[in-house]
$ cat protein.txt   # compact mmCIF, C-alpha atoms
# COMPACT_ATOMS: atom_id res chain seq x y z
CA MET A 20 -11.73 4.11 -28.53
CA LEU A 21 -12.26 0.36 -28.37
CA GLN A 22 -10.41 -1.40 -25.56
CA THR A 23 -8.77 -4.16 -27.58
CA ASN A 24 -5.24 -5.28 -28.41
CA LEU A 25 -5.88 -4.65 -32.09
CA LYS A 26 -4.73 -1.64 -34.05
CA HIS A 27 -7.60 0.83 -34.23
CA LEU A 28 -8.87 2.60 -37.30
CA LEU A 29 -9.71 6.07 -36.03
CA SER A 30 -10.88 7.63 -39.26
CA ALA A 31 -11.99 6.89 -42.80
CA LYS A 32 -8.56 8.10 -43.88
CA ASP A 33 -6.96 5.51 -41.61
CA LEU A 34 -9.01 2.83 -43.34
CA GLU A 35 -8.08 4.14 -46.76
CA GLU A 36 -4.38 4.14 -45.94
CA THR A 37 -4.54 0.69 -44.41
CA LEU A 38 -6.20 -0.67 -47.53
CA LYS A 39 -3.60 0.99 -49.71
CA SER A 40 -0.64 -0.40 -47.80
CA ASN A 41 -1.91 -3.95 -47.12
CA GLU A 42 -3.04 -6.60 -49.57
CA ASN A 43 -5.19 -8.44 -47.01
CA VAL A 44 -7.18 -6.57 -44.39
CA MET A 45 -9.81 -7.68 -41.88
CA VAL A 46 -11.79 -4.93 -40.16
CA CYS A 47 -14.19 -5.55 -37.28
CA CYS A 48 -16.48 -2.57 -36.80
CA GLY A 49 -18.36 -2.76 -33.51
CA ARG A 50 -18.73 -1.70 -29.90
CA MET A 51 -17.41 -3.10 -26.63
CA GLY A 52 -20.47 -5.34 -26.54
CA PRO A 53 -21.21 -9.02 -26.05
CA MET A 54 -21.36 -9.93 -29.73
CA CYS A 55 -18.28 -7.89 -30.67
CA ILE A 56 -15.75 -8.74 -27.94
CA PRO A 57 -15.43 -12.42 -28.92
CA VAL A 58 -14.58 -11.39 -32.51
CA TYR A 59 -11.88 -8.94 -31.36
CA GLU A 60 -10.38 -11.69 -29.18
CA VAL A 61 -10.34 -14.18 -32.05
CA MET A 62 -8.64 -11.58 -34.27
CA ASP A 63 -6.09 -10.86 -31.57
CA GLU A 64 -5.27 -14.56 -31.26
CA LEU A 65 -4.94 -14.98 -35.02
CA GLN A 66 -2.70 -11.96 -35.57
CA GLY A 67 0.46 -13.95 -34.96
CA GLU A 68 -0.56 -16.82 -37.21
CA TYR A 69 -1.75 -14.69 -40.12
CA SER A 70 1.09 -12.25 -40.51
CA HIS A 71 0.03 -11.59 -44.09
CA VAL A 72 -3.27 -10.10 -42.90
CA ALA A 73 -3.73 -6.69 -41.28
CA PHE A 74 -6.23 -7.00 -38.40
CA ARG A 75 -7.99 -3.78 -37.42
CA ASP A 76 -10.99 -2.67 -35.40
CA MET A 77 -13.13 0.43 -35.75
CA GLU A 78 -15.66 1.98 -33.40
CA PHE A 79 -19.12 1.58 -34.91
CA ASP A 80 -20.65 4.76 -33.51
CA THR A 81 -18.22 7.23 -35.03
CA ALA A 82 -19.07 9.30 -38.09
CA ASP A 83 -16.08 7.93 -40.00
CA ALA A 84 -17.25 4.36 -39.46
CA ALA A 85 -19.81 5.15 -42.15
CA ALA A 86 -17.04 3.98 -44.47
CA ILE A 87 -17.81 0.47 -43.20
CA ARG A 88 -21.47 0.84 -42.20
CA ASN A 89 -22.48 2.13 -45.63
CA LEU A 90 -20.68 -0.45 -47.72
CA PRO A 91 -23.10 -2.12 -50.14
CA GLU A 92 -22.02 -5.49 -48.72
CA CYS A 93 -23.32 -4.38 -45.30
CA ARG A 94 -26.60 -2.99 -46.58
CA ASN A 95 -28.73 -5.73 -45.01
CA PHE A 96 -26.73 -6.15 -41.82
CA ARG A 97 -28.66 -5.74 -38.58
CA GLY A 98 -26.31 -7.30 -36.08
CA LEU A 99 -23.06 -6.13 -34.55
CA PRO A 100 -20.23 -6.35 -35.32
CA PHE A 101 -19.88 -5.73 -39.05
CA THR A 102 -16.75 -7.63 -40.09
CA VAL A 103 -15.34 -6.89 -43.51
CA TYR A 104 -12.50 -8.60 -45.36
CA PHE A 105 -10.64 -6.64 -48.04
CA LYS A 106 -8.21 -7.89 -50.68
CA ASN A 107 -6.33 -5.29 -52.72
CA GLY A 108 -8.72 -2.68 -51.39
CA LYS A 109 -11.87 -4.51 -52.48
CA VAL A 110 -14.41 -6.22 -50.26
CA VAL A 111 -14.22 -9.98 -50.69
CA LYS A 112 -16.40 -11.01 -47.75
CA ALA A 113 -18.50 -9.40 -45.03
CA THR A 114 -20.26 -10.94 -42.04
CA SER A 115 -22.75 -9.66 -39.51
CA SER A 116 -23.00 -10.53 -35.80
CA ILE A 117 -20.80 -12.75 -33.65
CA GLN A 118 -18.38 -15.16 -35.34
CA ASN A 119 -16.29 -17.87 -33.70
CA LYS A 120 -12.66 -18.74 -34.41
CA ASP A 121 -13.55 -21.48 -36.89
CA GLN A 122 -15.79 -19.14 -38.88
CA VAL A 123 -13.16 -16.39 -39.01
CA THR A 124 -10.39 -18.85 -39.86
CA SER A 125 -12.48 -20.33 -42.63
CA VAL A 126 -12.89 -16.92 -44.28
CA LEU A 127 -9.22 -16.02 -43.81
CA ASN A 128 -8.12 -19.29 -45.40
CA SER A 129 -10.51 -19.06 -48.32
CA GLU A 130 -9.99 -15.39 -49.11
CA PHE A 131 -6.39 -14.75 -48.09
CA SER A 132 -4.84 -18.24 -48.39
CA ALA A 133 -3.74 -20.37 -45.47
CA LYS A 134 -1.92 -19.04 -42.45
CA VAL A 135 1.75 -18.15 -42.56
CA SER A 136 3.66 -19.57 -39.62
CA VAL A 137 5.75 -17.15 -37.64
CA LYS A 138 8.91 -18.70 -36.24
CA MET B 7 3.66 -43.61 -18.28
CA SER B 8 5.19 -40.16 -17.76
CA SER B 9 3.77 -38.00 -15.00
CA PRO B 10 0.87 -35.73 -15.94
CA SER B 11 1.61 -32.27 -17.21
CA PHE B 12 -0.87 -30.68 -14.80
CA ASP B 13 -2.51 -31.45 -11.49
CA VAL B 14 -5.89 -30.27 -12.72
CA ILE B 15 -7.29 -29.41 -16.13
CA VAL B 16 -10.37 -27.21 -16.09
CA ILE B 17 -12.50 -27.29 -19.22
CA GLY B 18 -14.32 -24.00 -19.59
CA ALA B 19 -13.36 -20.44 -18.66
CA GLY B 20 -16.64 -18.95 -17.56
CA PRO B 21 -17.11 -17.77 -13.96
CA ALA B 22 -17.11 -21.38 -12.70
CA GLY B 23 -13.95 -22.41 -14.53
CA LEU B 24 -12.08 -19.20 -13.71
CA THR B 25 -13.03 -19.41 -10.04
CA ALA B 26 -11.85 -23.01 -9.93
CA GLY B 27 -8.63 -21.83 -11.54
CA ILE B 28 -8.15 -19.12 -8.91
CA TYR B 29 -8.65 -21.57 -6.03
CA LEU B 30 -6.51 -24.30 -7.58
CA ALA B 31 -3.64 -22.04 -8.54
CA ARG B 32 -3.65 -20.39 -5.11
CA ALA B 33 -3.35 -23.87 -3.63
CA LYS B 34 -0.25 -24.37 -5.81
CA MET B 35 -1.93 -26.86 -8.07
CA ARG B 36 -0.53 -26.85 -11.60
CA THR B 37 -3.69 -25.78 -13.38
CA LEU B 38 -4.60 -25.49 -17.04
CA ILE B 39 -7.87 -23.96 -18.19
CA LEU B 40 -8.98 -24.81 -21.71
CA ASN B 41 -11.75 -22.81 -23.28
CA GLU B 42 -13.45 -23.30 -26.61
CA GLY B 43 -14.54 -19.69 -26.98
CA THR B 44 -13.87 -16.34 -25.40
CA VAL B 45 -12.71 -16.31 -21.79
CA GLY B 46 -15.68 -15.41 -19.60
CA GLY B 47 -18.21 -17.56 -21.40
CA GLN B 48 -21.74 -16.27 -21.13
CA LEU B 49 -20.60 -13.69 -18.60
CA VAL B 50 -19.08 -11.73 -21.48
CA LEU B 51 -22.52 -11.65 -23.08
CA THR B 52 -23.89 -9.64 -20.16
CA HIS B 53 -23.85 -5.89 -20.67
CA GLU B 54 -24.32 -4.87 -17.08
CA VAL B 55 -23.84 -6.89 -13.91
CA ALA B 56 -25.51 -5.17 -10.97
CA ASN B 57 -26.10 -8.08 -8.57
CA TYR B 58 -22.60 -9.42 -8.02
CA PRO B 59 -21.92 -8.87 -4.31
CA GLY B 60 -19.13 -6.45 -3.57
CA VAL B 61 -19.28 -4.85 -7.00
CA GLU B 62 -21.87 -2.12 -7.42
CA SER B 63 -22.04 -2.25 -11.19
CA THR B 64 -19.75 -3.52 -13.90
CA SER B 65 -19.85 -5.08 -17.33
CA GLY B 66 -19.67 -8.81 -17.84
CA TYR B 67 -16.53 -8.33 -19.91
CA GLN B 68 -14.81 -6.36 -17.15
CA LEU B 69 -15.75 -8.90 -14.47
CA ALA B 70 -14.51 -11.76 -16.66
CA THR B 71 -11.27 -9.91 -17.37
CA THR B 72 -10.69 -9.39 -13.64
CA MET B 73 -11.35 -13.08 -12.92
CA ARG B 74 -8.98 -14.07 -15.71
CA ASN B 75 -6.25 -11.77 -14.41
CA GLN B 76 -6.69 -13.14 -10.90
CA ALA B 77 -6.36 -16.73 -12.10
CA GLN B 78 -3.29 -15.93 -14.18
CA LYS B 79 -1.71 -13.95 -11.36
CA PHE B 80 -1.84 -17.03 -9.16
CA GLY B 81 -0.14 -19.10 -11.86
CA CYS B 82 -3.01 -20.62 -13.78
CA THR B 83 -2.41 -21.27 -17.49
CA ILE B 84 -5.36 -20.25 -19.67
CA ARG B 85 -5.78 -21.18 -23.32
CA SER B 86 -8.83 -19.80 -25.09
CA ASN B 87 -10.39 -20.48 -28.50
CA VAL B 88 -9.12 -24.06 -28.53
CA SER B 89 -11.01 -27.21 -29.45
CA VAL B 90 -11.15 -30.08 -27.00
CA THR B 91 -11.20 -32.92 -29.51
CA LYS B 92 -10.91 -35.97 -27.26
CA LEU B 93 -11.28 -36.75 -23.58
CA ASP B 94 -10.14 -39.80 -21.67
CA LEU B 95 -11.40 -39.47 -18.11
CA GLU B 96 -10.90 -43.02 -16.88
CA GLY B 97 -8.01 -44.06 -14.66
CA GLU B 98 -5.76 -41.99 -12.45
CA THR B 99 -4.33 -39.95 -15.30
CA LYS B 100 -6.85 -38.05 -17.39
CA SER B 101 -5.93 -36.97 -20.90
CA VAL B 102 -7.33 -34.19 -23.05
CA GLU B 103 -6.61 -33.84 -26.73
CA VAL B 104 -6.46 -30.22 -27.88
CA ASN B 105 -7.04 -29.11 -31.47
CA GLY B 106 -6.71 -32.71 -32.65
CA ARG B 107 -2.94 -32.74 -32.34
CA GLU B 108 -1.76 -32.17 -28.79
CA THR B 109 -2.48 -34.14 -25.63
CA VAL B 110 -2.31 -32.74 -22.12
CA THR B 111 -2.73 -34.82 -18.97
CA ALA B 112 -3.71 -34.28 -15.35
CA HIS B 113 -4.64 -36.13 -12.18
CA ALA B 114 -8.08 -34.49 -12.07
CA VAL B 115 -10.44 -32.69 -14.42
CA ILE B 116 -13.12 -30.09 -13.69
CA LEU B 117 -15.79 -29.86 -16.36
CA ALA B 118 -17.20 -26.34 -16.63
CA PRO B 119 -18.21 -26.02 -20.28
CA GLY B 120 -21.18 -23.76 -19.57
CA GLY B 121 -24.09 -23.28 -21.93
CA ARG B 122 -25.18 -21.32 -24.94
CA SER B 123 -28.33 -19.60 -26.15
CA ARG B 124 -30.90 -22.06 -27.37
CA THR B 125 -31.84 -21.62 -31.01
CA LEU B 126 -35.17 -22.51 -32.56
CA GLY B 127 -33.64 -24.66 -35.28
CA VAL B 128 -36.26 -23.68 -37.83
CA PRO B 129 -35.67 -22.93 -41.53
CA GLY B 130 -34.19 -19.50 -42.19
CA GLU B 131 -32.83 -18.97 -38.68
CA SER B 132 -29.13 -19.50 -39.33
CA ASP B 133 -29.15 -17.80 -42.74
CA LEU B 134 -30.80 -14.65 -41.41
CA ARG B 135 -28.80 -14.35 -38.21
CA GLY B 136 -27.38 -10.84 -38.12
CA LYS B 137 -29.73 -9.91 -40.95
CA GLY B 138 -32.83 -9.48 -38.83
CA ILE B 139 -32.52 -12.33 -36.35
CA SER B 140 -30.72 -11.51 -33.11
CA TYR B 141 -30.12 -12.94 -29.66
CA CYS B 142 -29.00 -9.66 -28.05
CA ALA B 143 -31.41 -6.75 -27.67
CA THR B 144 -28.87 -4.33 -26.23
CA CYS B 145 -26.47 -5.05 -29.11
CA ASP B 146 -28.81 -4.85 -32.05
CA GLY B 147 -31.97 -3.07 -30.87
CA ASP B 148 -31.09 0.22 -32.54
CA PHE B 149 -31.10 -1.41 -35.99
CA PHE B 150 -34.87 -1.74 -35.65
CA GLN B 151 -35.90 1.87 -35.21
CA ASP B 152 -39.58 2.20 -36.24
CA LYS B 153 -39.72 -1.41 -37.42
CA ASN B 154 -42.16 -4.18 -36.59
CA ILE B 155 -40.44 -6.96 -34.74
CA ILE B 156 -41.19 -10.11 -32.78
CA VAL B 157 -39.69 -11.51 -29.59
CA VAL B 158 -39.79 -15.27 -29.15
CA GLY B 159 -39.98 -16.64 -25.60
CA GLY B 160 -41.90 -16.37 -22.36
CA GLY B 161 -39.32 -16.09 -19.60
CA ASN B 162 -37.93 -13.05 -17.84
CA SER B 163 -35.35 -12.38 -20.54
CA ALA B 164 -37.95 -12.41 -23.32
CA LEU B 165 -40.40 -10.10 -21.57
CA GLU B 166 -37.82 -7.69 -20.18
CA GLU B 167 -36.04 -7.40 -23.53
CA ALA B 168 -39.39 -6.95 -25.32
CA VAL B 169 -40.06 -3.93 -23.13
CA SER B 170 -36.57 -2.53 -23.77
CA LEU B 171 -36.99 -3.01 -27.52
CA THR B 172 -40.07 -0.76 -27.53
CA LYS B 173 -37.59 2.14 -27.27
CA TYR B 174 -36.76 1.47 -30.91
CA ALA B 175 -39.41 -0.64 -32.60
CA SER B 176 -42.83 0.62 -33.63
CA SER B 177 -44.38 -2.67 -32.52
CA VAL B 178 -43.19 -5.73 -30.63
CA THR B 179 -45.12 -8.99 -30.83
CA ILE B 180 -44.24 -11.63 -28.27
CA VAL B 181 -44.66 -15.18 -29.59
CA HIS B 182 -44.81 -17.85 -26.90
CA GLN B 183 -45.52 -21.56 -27.07
CA PHE B 184 -47.63 -21.80 -23.90
CA ASP B 185 -50.85 -20.11 -22.78
CA HIS B 186 -49.02 -18.54 -19.85
CA PHE B 187 -45.60 -17.01 -19.20
CA GLN B 188 -42.75 -18.37 -17.11
CA ALA B 189 -41.57 -14.83 -16.37
CA SER B 190 -42.13 -13.13 -13.01
CA ALA B 191 -45.47 -11.42 -12.41
CA HIS B 192 -43.73 -8.05 -12.44
CA ALA B 193 -42.15 -8.67 -15.88
CA VAL B 194 -45.45 -9.90 -17.30
CA GLU B 195 -47.34 -6.91 -15.94
CA GLU B 196 -44.81 -4.45 -17.33
CA ALA B 197 -45.02 -6.04 -20.79
CA MET B 198 -48.81 -6.15 -20.73
CA GLN B 199 -49.06 -2.49 -19.82
CA ASN B 200 -46.85 -1.43 -22.72
CA PRO B 201 -49.05 -0.22 -25.60
CA LYS B 202 -46.46 -1.22 -28.23
CA ILE B 203 -46.48 -4.88 -27.16
CA SER B 204 -48.94 -7.51 -28.36
CA PHE B 205 -49.02 -11.26 -27.74
CA ILE B 206 -49.42 -14.42 -29.77
CA MET B 207 -49.79 -17.31 -27.35
CA GLU B 208 -49.70 -21.09 -27.83
CA SER B 209 -47.74 -20.60 -31.01
CA THR B 210 -44.33 -21.50 -32.40
CA ILE B 211 -42.17 -20.20 -35.23
CA ALA B 212 -42.39 -22.43 -38.29
CA GLU B 213 -40.03 -20.52 -40.59
CA PHE B 214 -38.18 -17.24 -41.03
CA ILE B 215 -38.47 -15.85 -44.55
CA GLY B 216 -36.29 -13.34 -46.39
CA GLN B 217 -33.94 -13.04 -49.32
CA GLU B 218 -31.20 -10.70 -48.15
CA SER B 219 -32.74 -9.85 -44.79
CA LEU B 220 -35.69 -10.94 -42.66
CA GLU B 221 -39.01 -10.06 -44.30
CA SER B 222 -41.61 -12.22 -42.60
CA VAL B 223 -42.20 -15.09 -40.24
CA GLN B 224 -44.57 -18.03 -40.30
CA VAL B 225 -46.25 -18.55 -36.94
CA LYS B 226 -47.99 -21.83 -36.19
CA HIS B 227 -50.87 -21.89 -33.69
CA ILE B 228 -50.28 -25.12 -31.77
CA PRO B 229 -53.90 -26.09 -30.87
CA THR B 230 -55.25 -25.65 -34.42
CA GLY B 231 -52.14 -26.12 -36.55
CA GLU B 232 -53.03 -22.96 -38.45
CA VAL B 233 -50.02 -21.13 -39.93
CA THR B 234 -50.07 -17.36 -40.32
CA GLU B 235 -47.42 -15.28 -42.10
CA ILE B 236 -46.56 -11.98 -40.46
CA ALA B 237 -44.47 -9.25 -42.08
CA ILE B 238 -41.62 -8.28 -39.74
CA GLU B 239 -38.09 -6.98 -40.06
CA GLY B 240 -36.65 -8.21 -36.81
CA ALA B 241 -36.85 -11.23 -34.52
CA PHE B 242 -35.21 -11.52 -31.12
CA ILE B 243 -34.99 -15.01 -29.67
CA PHE B 244 -34.82 -15.62 -25.92
CA ILE B 245 -35.74 -19.23 -25.26
CA GLY B 246 -33.22 -20.23 -22.66
CA TYR B 247 -29.93 -22.06 -22.76
CA VAL B 248 -28.57 -25.51 -23.53
CA PRO B 249 -25.53 -27.04 -21.81
CA ASN B 250 -22.36 -27.50 -23.87
CA THR B 251 -22.10 -31.17 -23.01
CA GLU B 252 -22.51 -32.89 -26.38
CA THR B 253 -18.93 -34.20 -26.25
CA LEU B 254 -19.44 -35.60 -22.74
CA HIS B 255 -22.07 -38.19 -23.69
CA GLY B 256 -20.84 -41.59 -22.60
CA LEU B 257 -18.01 -40.12 -20.53
CA VAL B 258 -19.90 -38.88 -17.46
CA ASP B 259 -23.51 -39.32 -16.38
CA LEU B 260 -25.83 -36.69 -17.86
CA ASN B 261 -29.53 -36.17 -17.24
CA GLN B 262 -32.15 -36.01 -20.01
CA ALA B 263 -31.49 -32.31 -20.54
CA GLY B 264 -27.81 -33.06 -21.12
CA GLU B 265 -26.74 -31.57 -17.79
CA ILE B 266 -23.91 -33.21 -15.84
CA LYS B 267 -25.09 -35.15 -12.79
CA VAL B 268 -23.08 -34.23 -9.70
CA SER B 269 -22.90 -34.98 -5.98
CA PRO B 270 -23.22 -32.18 -3.39
CA PHE B 271 -19.42 -31.91 -3.59
CA LEU B 272 -19.68 -31.58 -7.37
CA GLU B 273 -18.16 -34.96 -8.09
CA THR B 274 -19.31 -36.69 -11.26
CA ASN B 275 -19.73 -40.47 -11.44
CA VAL B 276 -16.10 -40.73 -12.62
CA SER B 277 -13.39 -40.67 -9.97
CA GLY B 278 -11.25 -37.54 -10.20
CA VAL B 279 -13.70 -35.74 -12.47
CA PHE B 280 -15.72 -32.83 -11.09
CA ALA B 281 -18.17 -30.42 -12.70
CA ALA B 282 -19.30 -26.85 -12.09
CA GLY B 283 -21.35 -24.00 -13.51
CA ASP B 284 -24.26 -23.80 -15.91
CA SER B 285 -23.69 -27.27 -17.34
CA ILE B 286 -24.54 -29.18 -14.15
CA THR B 287 -27.93 -30.23 -12.84
CA LYS B 288 -29.24 -27.32 -10.82
CA ARG B 289 -32.12 -24.91 -10.71
CA TYR B 290 -30.56 -21.46 -10.58
CA ARG B 291 -27.97 -20.31 -13.09
CA GLN B 292 -26.37 -17.08 -11.98
CA ILE B 293 -22.81 -15.71 -11.96
CA THR B 294 -22.83 -16.10 -8.19
CA THR B 295 -23.93 -19.74 -8.32
CA ALA B 296 -21.31 -20.50 -10.97
CA VAL B 297 -18.64 -18.91 -8.79
CA ALA B 298 -19.81 -20.99 -5.83
CA ASP B 299 -19.69 -24.14 -7.97
CA GLY B 300 -16.18 -23.34 -9.12
CA THR B 301 -15.08 -22.95 -5.53
CA VAL B 302 -16.63 -26.24 -4.40
CA ALA B 303 -15.32 -28.18 -7.40
CA ALA B 304 -11.80 -26.82 -6.88
CA LEU B 305 -11.78 -27.65 -3.18
CA SER B 306 -13.15 -31.12 -3.91
CA ALA B 307 -10.44 -31.64 -6.54
CA ILE B 308 -7.76 -30.51 -4.07
CA ASP B 309 -9.18 -32.92 -1.52
CA TYR B 310 -9.20 -35.70 -4.11
CA LEU B 311 -5.59 -34.99 -5.06
CA SER B 312 -4.55 -35.21 -1.43
CA THR B 313 -6.15 -38.66 -1.16
CA VAL B 314 -4.41 -39.95 -4.25
CA SER B 315 -1.12 -38.25 -3.45
CA GLU B 316 0.17 -41.42 -1.82
CA SER B 317 0.35 -42.99 -5.24
CA ARG B 318 2.13 -39.94 -6.66
CA THR B 319 5.86 -39.53 -6.55
CA ALA B 320 7.48 -36.93 -4.32
CA GLU B 321 8.56 -35.06 -7.44
CA GLU B 322 4.99 -34.82 -8.65
CA VAL B 323 3.61 -33.62 -5.34
CA LEU B 324 6.36 -31.06 -4.89
CA HIS B 325 6.33 -30.09 -8.57
CA ILE B 326 10.06 -30.52 -8.92

$ encode --input "protein.txt" --output "structure tokens"
Amino acid sequence: MLQTNLKHLLSAKDLEETLKSNENVMVCCGRMGPMCIPVYEVMDELQGEYSHVAFRDMEFDTADAAAIRNLPECRNFRGLPFTVYFKNGKVVKATSSIQNKDQVTSVLNSEFSAKVSVK
Amino acid sequence: MSSPSFDVIVIGAGPAGLTAGIYLARAKMRTLILNEGTVGGQLVLTHEVANYPGVESTSGYQLATTMRNQAQKFGCTIRSNVSVTKLDLEGETKSVEVNGRETVTAHAVILAPGGRSRTLGVPGESDLRGKGISYCATCDGDFFQDKNIIVVGGGNSALEEAVSLTKYASSVTIVHQFDHFQASAHAVEEAMQNPKISFIMESTIAEFIGQESLESVQVKHIPTGEVTEIAIEGAFIFIGYVPNTETLHGLVDLNQAGEIKVSPFLETNVSGVFAAGDSITKRYRQITTAVADGTVAALSAIDYLSTVSESRTAEEVLHI
């Protein structure tokens, strides 16, 4: 299991249920490696600001992670992590390799609308 | 003017910044660490750390997490993934604008912004990052099973990672701009003895080509100017680091490489401003040297604060 503060997707069924019960979902599929950890940390920091988005991680080297690895949008990806953004269960954006906070925020704002403040 | 919110602001949370934070907070200095990326800096990008004294073997992430916890335990405030949008380092009170909307102040500042992997800056590089172009062999090597790949660079990292990539790739071609390597003799010998590795010397990358993923690379032979296109599916780039000092131009003295000029006590040319870690002028950039820098910069800042304390109010000194 990944050592992050995010909720983990442990199976393909988990992913399916998360997509069914959330309009906006961001999944980072990776390892506890140098390119992945910064993305998990950015997601963790943004969780409070983007309460209308479900932030999840998934361990890349599990059989069930094929649900992410084999997405057509990830077909040409050759860099960890694979980060996929879903809206109403459909992929709206996918990125490969390390992403900084500005890059993640930019996608969240364009695909899921701007952040919702939590008071 | 109201009294500063902190005694010291440290910019950067790599090993240098975190160590400075540990020393400052232990000395009861009100300390804020601001970091533009992930806490740990380039340390987090290291899979295994085996030469940090007192620790037999650990990951960069774990070591960074321990340093962060230590700093926080002593009372240091750490804010990561923030943007430092403006710096005013002149005068007795230094101010730092964060995220373009908030200003924090301190009596002293330690600059420890670290560095980042150097990129080639050639066409195709940014578009194909993560789609064939990588800067981390241990992260992405297994995507290139039985593929032909190149490694760009001639230092220890390039040659050592080229050898490690032969576990996956069917062929590894090292492209280097000089006619000799900067790597150690041992690393060069190991690469040369590996039957999967070949070399293209005195050459640079002109362009990476590919529609949805990397398909080929144009290699330019420097002496003749001749450009050759080679079909490859992967490129790993290890051409050193650049200091994160772009925003410091005009604020403190930098050398031609953009590194911060410092005294032996890690003072910059600006009173009350110190610097530490990979962004300063020095020869060896290691976790241990960054930690040493952080220690020296913190102690120098504490010393500086004691000399200016006469001009500070009793409330400020006692933090009441």

$ closest_residue --input "protein.txt" --among "B:Thr64, B:Ser163, B:Ser209, B:Ser86" --to "Asp63 (chain A)" --atoms "only C-alpha atoms"
B:Ser86

$ interface_residues --input "protein.txt" --of "chain B" --to "chain A" --cutoff "10 Å" --atoms "all atoms listed in the file" --output "MDAnalysis selection string"
chainID B and resid 42:53 65:67 86:89 134:150 217:220 239:240

$ atom_distance --input "protein.txt" --atom1 "CA of Lys226 (chain B)" --atom2 "CA of Glu166 (chain B)"
23.7 Å

$ atom_distance --input "protein.txt" --atom1 "CA of Tyr58 (chain B)" --atom2 "CA of Val115 (chain B)"
27.0 Å

$ residues_near_point --input "protein.txt" --point "(-43.4, -23.8, -34.8)" --cutoff "8 Å" --atoms "only C-alpha atoms" --output "PyMOL selection string"
chain B and resi 128+209-213+225-228

$ atom_distance --input "protein.txt" --atom1 "CA of Met35 (chain B)" --atom2 "CA of Gln68 (chain B)"
25.9 Å

$ closest_residue --input "protein.txt" --among "A:Ala86, A:Gln66, A:Leu21, A:Lys106" --to "Leu34 (chain A)" --atoms "all atoms listed in the file"
A:Ala86

$ residues_near_point --input "protein.txt" --point "(-37.9, -2.2, -29.8)" --cutoff "8 Å" --atoms "only C-alpha atoms" --output "list in words"
Gly147, Asp148, Phe150, Gln151, Asp152, Lys153, Ile155, Ala168, Val169, Ser170, Leu171, Thr172, Lys173, Tyr174, Ala175, Ser176, Ser177 and Val178 of chain B

$ closest_residue --input "protein.txt" --among "A:Asp33, A:Glu68, A:Glu42, A:Asp76" --to "Lys109 (chain A)" --atoms "only C-alpha atoms"
A:Glu42

$ closest_residue --input "protein.txt" --among "A:Ala82, A:Met77, A:Val44, A:Leu29" --to "Lys112 (chain A)" --atoms "only C-alpha atoms"
A:Val44

$ closest_residue --input "protein.txt" --among "B:Thr37, B:Ser306, B:Thr91, B:Asn261" --to "Ala77 (chain B)" --atoms "all atoms listed in the file"
B:Thr37

$ closest_residue --input "protein.txt" --among "B:Phe12, B:Phe280, B:Tyr290, B:Phe187" --to "Thr83 (chain B)" --atoms "all atoms listed in the file"
B:Phe12

$ decode --input "protein.txt" --residues "region 38-48 of chain A" --atoms "N, CA and C atoms" --output "compact mmCIF listing (two decimals), in the first residue's frame"
# COMPACT_ATOMS: atom_id res chain seq x y z
N LEU A 38 -15.78 6.20 -8.96
CA LEU A 38 -16.24 6.94 -10.14
C LEU A 38 -17.76 7.06 -10.16
N LYS A 39 -18.41 6.05 -9.65
CA LYS A 39 -19.88 6.08 -9.62
C LYS A 39 -20.39 7.11 -8.61
N SER A 40 -19.69 7.21 -7.50
CA SER A 40 -20.22 8.05 -6.40
C SER A 40 -19.63 9.45 -6.36
N ASN A 41 -18.73 9.79 -7.28
CA ASN A 41 -18.15 11.14 -7.31
C ASN A 41 -18.15 11.69 -8.73
N GLU A 42 -18.57 12.94 -8.85
CA GLU A 42 -18.58 13.56 -10.18
C GLU A 42 -17.16 13.81 -10.68
N ASN A 43 -16.32 14.34 -9.77
CA ASN A 43 -14.94 14.69 -10.15
C ASN A 43 -13.95 13.84 -9.38
N VAL A 44 -13.09 13.15 -10.10
CA VAL A 44 -12.13 12.26 -9.44
C VAL A 44 -10.75 12.44 -10.07
N MET A 45 -9.74 12.55 -9.20
CA MET A 45 -8.35 12.57 -9.66
C MET A 45 -7.65 11.35 -9.07
N VAL A 46 -7.06 10.54 -9.92
CA VAL A 46 -6.36 9.33 -9.46
C VAL A 46 -4.89 9.42 -9.87
N CYS A 47 -4.00 9.26 -8.90
CA CYS A 47 -2.57 9.20 -9.20
C CYS A 47 -2.12 7.77 -9.00
N CYS A 48 -1.70 7.14 -10.08
CA CYS A 48 -1.30 5.74 -10.05
C CYS A 48 0.22 5.68 -10.16
